[in-house]
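Enquirer: Have a look at the structure that comes next, please.
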Amino acid sequence: MTEDSGMRILFFAQLKDATGREEIRWPETGPLTAADIWARLEREWPAVTVHRRTTRLARNGEYARPDEVFLAGDEVALIPPVSGG
Amino acid sequence: MTEDSGMRILFFAQLKDATGREEIRWPETGPLTAADIWARLEREWPAVTVHRRTTRLARNGEYARPDEVFLAGDEVALIPPVSGG
Amino acid sequence: MRIEAQLTTERIVPPNISGLGPDGGIGALAEFSGVVRGEEDGRTITALEYEAYHGMALAVMRKLLEQLGQHHPCTGVWVIHRVGVVPVGEAAIWIGVAASHRREAFALLAEFMDQLKQDVPIWKRRALFAPATDTAAGPTP
Amino acid sequence: MRIEAQLTTERIVPPNISGLGPDGGIGALAEFSGVVRGEEDGRTITALEYEAYHGMALAVMRKLLEQLGQHHPCTGVWVIHRVGVVPVGEAAIWIGVAASHRREAFALLAEFMDQLKQDVPIWKRRALFAPATDTAAGPTP
């Protein structure tokens with residue numbers, strides 16, 4: 001297995017605070033929906049729940065569509081409301 | 001008599017071309033309306049006529065109202081359409 | 001349209017964008033700096049700390065600029081966003097736009113700033129505060 | 001609102017407007033340069049010559065900026081307009097605006113440029129053209 005077989009999950013801003021992590025890896029995961037991802041995250045870190053409504057998921061550096069399927073090898077990012085500039 | 005007893009008339013851009021002058025002085029003039037000023041100018045330089053419709057008069061550095069009265073000592077300027085910037 | 005976007009942890013030094021377009025086609029250069037203000041939510045601050053999802057932030061900025069360039073054709077646009085700690089009075093972002101005409105440059109610049117604050121994954125992470133002033137004034141006698 | 005307006009026959013050197021506002025109240029710096037393009041009415045040119053009614057041009061610019069500042073409160077605005085011969089690629093005008101927020105700065109800047117072209121007594125006097133290219137190529141044999 002290459003290191004691409006897992007899924008990397010990146011946390012930013014409030015999500016980083018809620019999880020205490022910048023990045024995790026889920027090894028050997030099958031295809032996941034956004035709902036699957038949130039369910040797994042909320043099980044491990046209940047503090048992420050309050051951010052779910054305002055946080056967008058990105059897949060490999062692009063905002064995910066609502067029906068997006070997340071695959072092994074993907075880089076998934078949780079993007080709370082942005083505030084640059 | 002001080003040098004303020006006359007009226008200075010300044011020409012810019014197309015009006016400078018039409019009159020061949022940058023500035024003239026009308027000595028000892030009484031109060032004049034815009035129509036008076038144009039009549040005197042057109043008599044001396046018929047080439048100014050084509051600019052009359054698009055040219056604004058200024059009195060002492062401010063655009064003149066239609067009913068403005070121009071007095072001895074005034075600096076009067078003919079302002080064709082501007083094109084700065 | 002030439003597009004350059006970068007993130008930096010250093011103080012932003014705006015490039016000289018007037019040196020472009022040797023064909024004399026550029027008629028408008030517009031620049032904007034977004035500077036950290038000394039107040040956040042009514043409290044005096046000394047700095048803001050910014051965080052970015054680097055790769056995606058750059059990709060989203062470039063894509064956004066490409067889209068805006070379709071509607072407002074410009075010659076080139078340069079964006080530098082600073083991340084990490086940005087002291088009050090220094091720029092968190094700088095944008096330069098070169099165009100034939102000013103309206104396109106203004107429109108691209110204003111719309112980019114609006115959309116930056118919606119879609120580009122960069123965050124004001126936290127504000128840094130000065131020590132309380134009564135400490136600086138010393139103990140009361 | 002601090003207002004500075006000047007005319008110059010020299011190449012414009014934009015002042016550094018970021019050095020203002022020691023109180024940290026400035027959140028937006030917007031700058032614009034209007035550059036002479038290499039084409040006028042379809043012909044290749046080398047320069048434009050500008051003429052101004054100096055005293056009135058400065059007075060009208062200041063008054064205009066004061067009025068715009070009522071609607072779009074900014075901290076300061078600086079305008080430099082060049083007169084005389086301005087070569088292609090060099091700025092005929094430069095404007096810098098400092099404000100708390102970017103929307104006011106953009107609005108003041110854009111509206112000033114629109115109104116400048118209506119009311120400020122400055123004129124593009126004439127275009128200067130390059131020698132015909134067949135002369136430059138030398139006589140035909």
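By order of appearance in the structure tokens: chains A, B, ..., then residues from 1 within every chain, and ligands from 1 in the order shown.
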Could you please select, counting only C-alpha atoms, the residues of chain D within 12 Å of chain A and state them as a PDB file with N, CA, C and O atoms, in the first residue's frame?

Expert:
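The resulting file, part_29.pdb, is shown below:
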```
ATOM      1  N   GLY D  27      -7.159  51.298   7.743  1.00  0.00           N
ATOM      2  CA  GLY D  27      -7.285  49.900   7.372  1.00  0.00           C
ATOM      3  C   GLY D  27      -7.187  49.678   5.873  1.00  0.00           C
ATOM      4  O   GLY D  27      -7.107  48.544   5.405  1.00  0.00           O
ATOM      5  N   ALA D  28      -7.200  50.780   5.111  1.00  0.00           N
ATOM      6  CA  ALA D  28      -7.222  50.648   3.651  1.00  0.00           C
ATOM      7  C   ALA D  28      -6.407  51.751   3.005  1.00  0.00           C
ATOM      8  O   ALA D  28      -6.561  52.921   3.330  1.00  0.00           O
ATOM      9  N   HIS D 101     -11.789  51.956   6.089  1.00  0.00           N
ATOM     10  CA  HIS D 101     -12.348  50.791   5.404  1.00  0.00           C
ATOM     11  C   HIS D 101     -12.237  50.943   3.896  1.00  0.00           C
ATOM     12  O   HIS D 101     -12.298  52.046   3.376  1.00  0.00           O
ATOM     13  N   ARG D 102     -12.125  49.827   3.222  1.00  0.00           N
ATOM     14  CA  ARG D 102     -11.816  49.876   1.793  1.00  0.00           C
ATOM     15  C   ARG D 102     -12.942  50.439   0.942  1.00  0.00           C
ATOM     16  O   ARG D 102     -12.688  51.073  -0.080  1.00  0.00           O
TER      17      ARG D 102
END
```

Enquirer: When you get a sec, could you note down which chain D residues fall within 7 Å of chain C, using only C-alpha atoms, as a PyMOL selection string?

Expert: chain D and resi 24-38+88-89

Enquirer: Pick from C:Glu40, C:Arg2, C:Met56, C:Ile12: nearest to A:Leu10, with only C-alpha atoms counted?

Expert: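 Of all the options, C:Met56 lies closest to A:Leu10.
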
Enquirer: Using all C-alpha atoms paired in order, least-squares fit chain C onto chain D and give me the moved copy as a short mmCIF file (atom, residue, chain, number, x, y, z; two decimals) with C-alpha atoms, in the first residue's frame.

Expert:
```cif
data_model
loop_
_atom_site.label_atom_id
_atom_site.label_comp_id
_atom_site.auth_asym_id
_atom_site.auth_seq_id
_atom_site.Cartn_x
_atom_site.Cartn_y
_atom_site.Cartn_z
CA MET C 1 -10.12 64.39 6.08
CA ARG C 2 -6.67 65.53 5.12
CA ILE C 3 -6.52 66.74 1.51
CA GLU C 4 -3.40 67.42 -0.53
CA ALA C 5 -3.53 68.38 -4.20
CA GLN C 6 -0.69 69.49 -6.39
CA LEU C 7 0.34 70.02 -9.98
CA THR C 8 3.83 69.29 -11.18
CA THR C 9 5.80 69.47 -14.40
CA GLU C 10 8.12 66.73 -13.14
CA ARG C 11 7.75 62.98 -13.25
CA ILE C 12 5.36 61.97 -10.46
CA VAL C 13 6.95 60.31 -7.45
CA PRO C 14 4.12 58.92 -5.30
CA PRO C 15 4.55 59.75 -1.63
CA ASN C 16 4.46 56.93 0.90
CA ILE C 17 0.95 57.26 2.27
CA SER C 18 1.27 54.26 4.57
CA GLY C 19 3.29 56.28 7.06
CA LEU C 20 0.21 58.11 8.29
CA GLY C 21 -2.27 57.42 11.02
CA PRO C 22 -0.03 56.50 13.94
CA ASP C 23 -3.19 55.58 15.82
CA GLY C 24 -3.57 52.44 13.73
CA GLY C 25 -6.94 53.58 12.39
CA ILE C 26 -6.09 53.12 8.73
CA GLY C 27 -7.24 49.82 7.29
CA ALA C 28 -7.17 50.59 3.58
CA LEU C 29 -4.72 52.28 1.26
CA ALA C 30 -5.82 52.64 -2.35
CA GLU C 31 -3.70 54.15 -5.08
CA PHE C 32 -4.30 54.85 -8.72
CA SER C 33 -2.01 56.00 -11.50
CA GLY C 34 -3.38 57.14 -14.84
CA VAL C 35 -0.64 56.38 -17.34
CA VAL C 36 -0.21 57.82 -20.84
CA ARG C 37 -0.91 55.09 -23.37
CA GLY C 38 0.97 54.70 -26.61
CA GLU C 39 -2.05 55.28 -28.77
CA GLU C 40 -4.44 58.19 -29.23
CA ASP C 41 -7.30 58.05 -31.74
CA GLY C 42 -5.68 55.02 -33.37
CA ARG C 43 -2.30 56.67 -33.93
CA THR C 44 0.92 55.75 -32.18
CA ILE C 45 2.07 58.58 -29.94
CA THR C 46 5.15 59.24 -27.84
CA ALA C 47 3.70 61.67 -25.31
CA LEU C 48 0.73 63.81 -24.36
CA GLU C 49 0.96 67.45 -23.42
CA TYR C 50 -1.29 68.63 -20.60
CA GLU C 51 -2.33 72.18 -19.80
CA ALA C 52 -3.99 73.41 -16.63
CA TYR C 53 -5.64 76.50 -15.19
CA HIS C 54 -3.48 76.00 -12.12
CA GLY C 55 -5.21 77.88 -9.36
CA MET C 56 -8.69 76.82 -10.34
CA ALA C 57 -7.66 73.21 -11.03
CA LEU C 58 -6.30 72.91 -7.48
CA ALA C 59 -9.32 74.65 -5.97
CA VAL C 60 -11.81 72.48 -7.88
CA MET C 61 -9.94 69.30 -6.95
CA ARG C 62 -9.90 70.24 -3.27
CA LYS C 63 -13.58 71.17 -3.26
CA LEU C 64 -14.48 67.97 -5.08
CA LEU C 65 -12.49 65.90 -2.60
CA GLU C 66 -14.17 67.65 0.33
CA GLN C 67 -17.59 66.88 -1.13
CA LEU C 68 -16.71 63.25 -1.83
CA GLY C 69 -15.32 62.94 1.68
CA GLN C 70 -18.76 63.82 3.07
CA HIS C 71 -20.23 60.76 1.38
CA HIS C 72 -17.23 58.46 1.67
CA PRO C 73 -15.37 59.34 4.88
CA CYS C 74 -11.66 58.74 4.46
CA THR C 75 -8.63 59.71 6.52
CA GLY C 76 -6.66 61.41 3.80
CA VAL C 77 -6.35 61.82 0.07
CA TRP C 78 -3.41 62.93 -2.05
CA VAL C 79 -3.62 63.94 -5.69
CA ILE C 80 -0.76 64.83 -8.01
CA HIS C 81 -1.53 65.79 -11.60
CA ARG C 82 1.31 66.30 -14.02
CA VAL C 83 1.21 69.07 -16.62
CA GLY C 84 3.38 69.74 -19.64
CA VAL C 85 4.74 66.89 -21.73
CA VAL C 86 4.12 63.42 -20.24
CA PRO C 87 5.86 60.59 -22.12
CA VAL C 88 4.06 57.33 -22.86
CA GLY C 89 4.32 54.94 -19.92
CA GLU C 90 4.54 57.71 -17.33
CA ALA C 91 1.74 58.81 -15.04
CA ALA C 92 -0.33 61.89 -15.83
CA ILE C 93 -2.11 61.54 -12.50
CA TRP C 94 -1.59 59.73 -9.22
CA ILE C 95 -4.09 59.48 -6.37
CA GLY C 96 -3.66 57.90 -2.97
CA VAL C 97 -6.46 57.39 -0.46
CA ALA C 98 -6.16 56.27 3.15
CA ALA C 99 -9.29 55.14 4.96
CA SER C 100 -10.53 52.94 7.76
CA HIS C 101 -12.30 50.67 5.30
CA ARG C 102 -11.74 49.79 1.69
CA ARG C 103 -15.22 50.55 0.35
CA GLU C 104 -14.94 54.25 1.19
CA ALA C 105 -11.47 54.39 -0.33
CA PHE C 106 -12.56 52.69 -3.57
CA ALA C 107 -15.69 54.84 -3.88
CA LEU C 108 -13.85 58.10 -3.32
CA LEU C 109 -11.14 57.15 -5.77
CA ALA C 110 -13.49 56.05 -8.56
CA GLU C 111 -15.84 59.01 -8.18
CA PHE C 112 -12.98 61.46 -8.07
CA MET C 113 -11.61 60.15 -11.36
CA ASP C 114 -15.05 60.40 -12.99
CA GLN C 115 -15.62 63.96 -11.85
CA LEU C 116 -12.06 65.03 -12.57
CA LYS C 117 -12.85 64.41 -16.21
CA GLN C 118 -15.91 66.64 -16.01
CA ASP C 119 -14.97 69.61 -13.92
CA VAL C 120 -11.26 70.06 -13.25
CA PRO C 121 -9.76 72.57 -15.72
CA ILE C 122 -6.95 70.41 -17.07
CA TRP C 123 -6.66 69.55 -20.73
CA LYS C 124 -4.89 67.03 -22.92
CA ARG C 125 -3.50 69.74 -25.13
CA ARG C 126 -1.93 67.72 -27.91
CA ALA C 127 -0.36 64.37 -28.72
CA LEU C 128 3.28 64.08 -29.78
CA PHE C 129 4.02 61.61 -32.54
CA ALA C 130 7.11 59.62 -33.41
CA PRO C 131 8.79 60.29 -36.75
CA ALA C 132 7.15 58.25 -39.54
CA THR C 133 8.55 54.71 -39.49
CA ASP C 134 9.42 54.63 -43.19
CA THR C 135 11.87 57.45 -42.54
CA ALA C 136 13.47 55.39 -39.78
CA ALA C 137 13.71 52.42 -42.15
CA GLY C 138 15.74 54.46 -44.61
CA PRO C 139 15.09 55.17 -48.30
CA THR C 140 13.93 52.36 -50.56
CA PRO C 141 16.67 51.19 -52.91
#
```

Enquirer: Would you superpose chain B on chain A, least squares on all C-alpha atoms in order, and hand back the fitted chain as a PDB file with C-alpha atoms, in the first residue's frame?

Expert:
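What follows is the written file part.pdb:
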```pdb
ATOM      1  CA  MET B   1       0.021   0.006   0.109  1.00  0.00           C
ATOM      2  CA  THR B   2       1.240   3.519  -0.749  1.00  0.00           C
ATOM      3  CA  GLU B   3       0.705   6.379   1.637  1.00  0.00           C
ATOM      4  CA  ASP B   4      -2.117   7.459  -0.678  1.00  0.00           C
ATOM      5  CA  SER B   5      -4.307   4.623   0.499  1.00  0.00           C
ATOM      6  CA  GLY B   6      -5.528   6.657   3.471  1.00  0.00           C
ATOM      7  CA  MET B   7      -7.400   9.938   3.694  1.00  0.00           C
ATOM      8  CA  ARG B   8      -5.852  13.092   5.152  1.00  0.00           C
ATOM      9  CA  ILE B   9      -8.133  15.435   7.048  1.00  0.00           C
ATOM     10  CA  LEU B  10      -6.934  19.018   7.615  1.00  0.00           C
ATOM     11  CA  PHE B  11      -8.321  21.306  10.310  1.00  0.00           C
ATOM     12  CA  PHE B  12      -8.150  25.099  10.209  1.00  0.00           C
ATOM     13  CA  ALA B  13      -9.022  27.952  12.575  1.00  0.00           C
ATOM     14  CA  GLN B  14     -11.956  27.037  14.856  1.00  0.00           C
ATOM     15  CA  LEU B  15     -11.844  23.419  13.733  1.00  0.00           C
ATOM     16  CA  LYS B  16      -8.220  23.259  14.778  1.00  0.00           C
ATOM     17  CA  ASP B  17      -9.237  24.536  18.209  1.00  0.00           C
ATOM     18  CA  ALA B  18     -12.169  22.126  18.426  1.00  0.00           C
ATOM     19  CA  THR B  19     -10.043  19.070  17.632  1.00  0.00           C
ATOM     20  CA  GLY B  20      -6.689  20.163  18.962  1.00  0.00           C
ATOM     21  CA  ARG B  21      -5.232  18.812  15.726  1.00  0.00           C
ATOM     22  CA  GLU B  22      -3.932  20.284  12.502  1.00  0.00           C
ATOM     23  CA  GLU B  23      -4.142  17.106  10.517  1.00  0.00           C
ATOM     24  CA  ILE B  24      -5.152  13.497  10.947  1.00  0.00           C
ATOM     25  CA  ARG B  25      -5.010  10.445   8.684  1.00  0.00           C
ATOM     26  CA  TRP B  26      -7.685   7.832   8.313  1.00  0.00           C
ATOM     27  CA  PRO B  27      -5.956   4.739   6.959  1.00  0.00           C
ATOM     28  CA  GLU B  28      -7.581   2.315   4.556  1.00  0.00           C
ATOM     29  CA  THR B  29     -10.863   4.166   4.294  1.00  0.00           C
ATOM     30  CA  GLY B  30     -13.445   3.376   1.618  1.00  0.00           C
ATOM     31  CA  PRO B  31     -15.448   6.028  -0.264  1.00  0.00           C
ATOM     32  CA  LEU B  32     -17.121   8.447   2.151  1.00  0.00           C
ATOM     33  CA  THR B  33     -19.850  11.043   1.803  1.00  0.00           C
ATOM     34  CA  ALA B  34     -19.735  14.391   3.625  1.00  0.00           C
ATOM     35  CA  ALA B  35     -22.224  12.960   6.123  1.00  0.00           C
ATOM     36  CA  ASP B  36     -19.920   9.990   6.746  1.00  0.00           C
ATOM     37  CA  ILE B  37     -16.986  12.303   7.387  1.00  0.00           C
ATOM     38  CA  TRP B  38     -18.909  14.515   9.793  1.00  0.00           C
ATOM     39  CA  ALA B  39     -20.282  11.485  11.660  1.00  0.00           C
ATOM     40  CA  ARG B  40     -16.782  10.127  12.214  1.00  0.00           C
ATOM     41  CA  LEU B  41     -15.458  13.519  13.288  1.00  0.00           C
ATOM     42  CA  GLU B  42     -18.345  14.213  15.672  1.00  0.00           C
ATOM     43  CA  ARG B  43     -17.930  10.824  17.248  1.00  0.00           C
ATOM     44  CA  GLU B  44     -14.292  11.565  18.032  1.00  0.00           C
ATOM     45  CA  TRP B  45     -14.591  15.334  18.763  1.00  0.00           C
ATOM     46  CA  PRO B  46     -18.124  16.367  19.783  1.00  0.00           C
ATOM     47  CA  ALA B  47     -16.888  19.986  19.872  1.00  0.00           C
ATOM     48  CA  VAL B  48     -16.909  20.093  16.060  1.00  0.00           C
ATOM     49  CA  THR B  49     -20.705  19.800  15.946  1.00  0.00           C
ATOM     50  CA  VAL B  50     -21.373  23.500  16.529  1.00  0.00           C
ATOM     51  CA  HIS B  51     -19.258  24.331  13.454  1.00  0.00           C
ATOM     52  CA  ARG B  52     -20.866  21.852  11.097  1.00  0.00           C
ATOM     53  CA  ARG B  53     -23.529  24.215   9.757  1.00  0.00           C
ATOM     54  CA  THR B  54     -21.011  26.921   8.811  1.00  0.00           C
ATOM     55  CA  THR B  55     -18.070  24.754   7.742  1.00  0.00           C
ATOM     56  CA  ARG B  56     -17.491  23.731   4.136  1.00  0.00           C
ATOM     57  CA  LEU B  57     -15.576  20.650   3.082  1.00  0.00           C
ATOM     58  CA  ALA B  58     -12.886  20.803   0.442  1.00  0.00           C
ATOM     59  CA  ARG B  59     -11.562  17.857  -1.520  1.00  0.00           C
ATOM     60  CA  ASN B  60      -8.054  18.103  -2.924  1.00  0.00           C
ATOM     61  CA  GLY B  61      -8.024  21.881  -2.720  1.00  0.00           C
ATOM     62  CA  GLU B  62     -11.476  22.596  -4.144  1.00  0.00           C
ATOM     63  CA  TYR B  63     -14.774  23.166  -2.401  1.00  0.00           C
ATOM     64  CA  ALA B  64     -16.728  19.908  -2.476  1.00  0.00           C
ATOM     65  CA  ARG B  65     -20.159  19.628  -4.056  1.00  0.00           C
ATOM     66  CA  PRO B  66     -22.938  18.464  -1.688  1.00  0.00           C
ATOM     67  CA  ASP B  67     -22.913  15.032  -3.342  1.00  0.00           C
ATOM     68  CA  GLU B  68     -19.116  14.752  -3.541  1.00  0.00           C
ATOM     69  CA  VAL B  69     -17.625  11.358  -2.774  1.00  0.00           C
ATOM     70  CA  PHE B  70     -14.351  11.363  -0.848  1.00  0.00           C
ATOM     71  CA  LEU B  71     -11.889   8.625  -1.768  1.00  0.00           C
ATOM     72  CA  ALA B  72      -8.772   7.014  -0.395  1.00  0.00           C
ATOM     73  CA  GLY B  73      -5.820   9.247  -1.247  1.00  0.00           C
ATOM     74  CA  ASP B  74      -7.867  12.437  -0.942  1.00  0.00           C
ATOM     75  CA  GLU B  75      -6.860  15.489   1.043  1.00  0.00           C
ATOM     76  CA  VAL B  76      -9.986  16.655   2.820  1.00  0.00           C
ATOM     77  CA  ALA B  77     -10.101  20.053   4.514  1.00  0.00           C
ATOM     78  CA  LEU B  78     -12.627  21.564   6.881  1.00  0.00           C
ATOM     79  CA  ILE B  79     -13.075  25.215   5.977  1.00  0.00           C
ATOM     80  CA  PRO B  80     -14.857  27.354   8.580  1.00  0.00           C
ATOM     81  CA  PRO B  81     -15.974  30.854   7.484  1.00  0.00           C
ATOM     82  CA  VAL B  82     -12.976  32.635   6.029  1.00  0.00           C
ATOM     83  CA  SER B  83     -11.786  36.069   7.116  1.00  0.00           C
ATOM     84  CA  GLY B  84      -8.788  37.022   5.017  1.00  0.00           C
ATOM     85  CA  GLY B  85      -7.842  40.404   3.655  1.00  0.00           C
TER      86      GLY B  85
END
```

Enquirer: Which of stretch 14-122 of chain D end up as alpha helix (DSSP H) when DSSP is run on this backbone - answer as number ranges by chain?

Expert: D: 54-71, 102-119

Enquirer: Can you tell me, as a ChimeraX atom specification, which residues in chain C count as strand (DSSP E or B) by DSSP?

Expert: /C:2-8,28-35,39-40,43-52,76-82,84-87,91-99,122-129

Enquirer: Grab the residues selected above and save them as a compact mmCIF listing (two decimals), in the first residue's frame with C-alpha atoms.

Expert:
```
# COMPACT_ATOMS: atom_id res chain seq x y z
CA ARG C 2 -1.16 37.68 -16.25
CA ILE C 3 -1.93 36.44 -12.72
CA GLU C 4 0.49 36.22 -9.81
CA ALA C 5 -0.61 35.19 -6.32
CA GLN C 6 1.57 34.50 -3.34
CA LEU C 7 1.52 34.07 0.41
CA THR C 8 4.31 35.33 2.59
CA ALA C 28 -4.42 52.32 -15.40
CA LEU C 29 -2.57 51.00 -12.39
CA ALA C 30 -4.64 50.40 -9.28
CA GLU C 31 -3.25 49.19 -5.98
CA PHE C 32 -4.81 48.35 -2.68
CA SER C 33 -3.33 47.52 0.70
CA GLY C 34 -5.46 46.12 3.50
CA VAL C 35 -3.77 47.26 6.69
CA GLU C 39 -8.75 47.92 17.11
CA GLU C 40 -10.68 44.65 16.91
CA ARG C 43 -10.35 46.41 21.99
CA THR C 44 -6.93 47.85 21.27
CA ILE C 45 -4.72 45.28 19.58
CA THR C 46 -1.09 45.16 18.54
CA ALA C 47 -1.30 42.57 15.76
CA LEU C 48 -3.47 40.01 14.02
CA GLU C 49 -2.40 36.47 13.31
CA TYR C 50 -3.47 35.00 9.98
CA GLU C 51 -3.65 31.34 9.01
CA ALA C 52 -4.05 29.92 5.52
CA GLY C 76 -2.20 41.73 -15.11
CA VAL C 77 -2.98 41.30 -11.45
CA TRP C 78 -0.69 40.63 -8.50
CA VAL C 79 -1.84 39.53 -5.07
CA ILE C 80 0.28 39.06 -1.96
CA HIS C 81 -1.39 37.92 1.25
CA ARG C 82 0.62 37.83 4.43
CA GLY C 84 1.38 34.66 10.52
CA VAL C 85 1.58 37.65 12.84
CA VAL C 86 0.91 41.00 11.12
CA PRO C 87 1.53 44.04 13.35
CA ALA C 91 -0.45 45.28 5.30
CA ALA C 92 -2.16 41.89 5.52
CA ILE C 93 -2.87 42.01 1.80
CA TRP C 94 -1.67 43.94 -1.22
CA ILE C 95 -3.18 43.85 -4.71
CA GLY C 96 -1.99 45.54 -7.86
CA VAL C 97 -3.94 45.64 -11.12
CA ALA C 98 -2.72 46.87 -14.50
CA ALA C 99 -5.28 47.52 -17.21
CA ILE C 122 -7.43 32.41 4.95
CA TRP C 123 -8.41 33.25 8.50
CA LYS C 124 -7.81 35.96 11.04
CA ARG C 125 -6.75 33.48 13.66
CA ARG C 126 -6.44 35.67 16.72
CA ALA C 127 -5.73 39.21 17.86
CA LEU C 128 -2.69 40.05 19.97
CA PHE C 129 -3.22 42.55 22.74
```
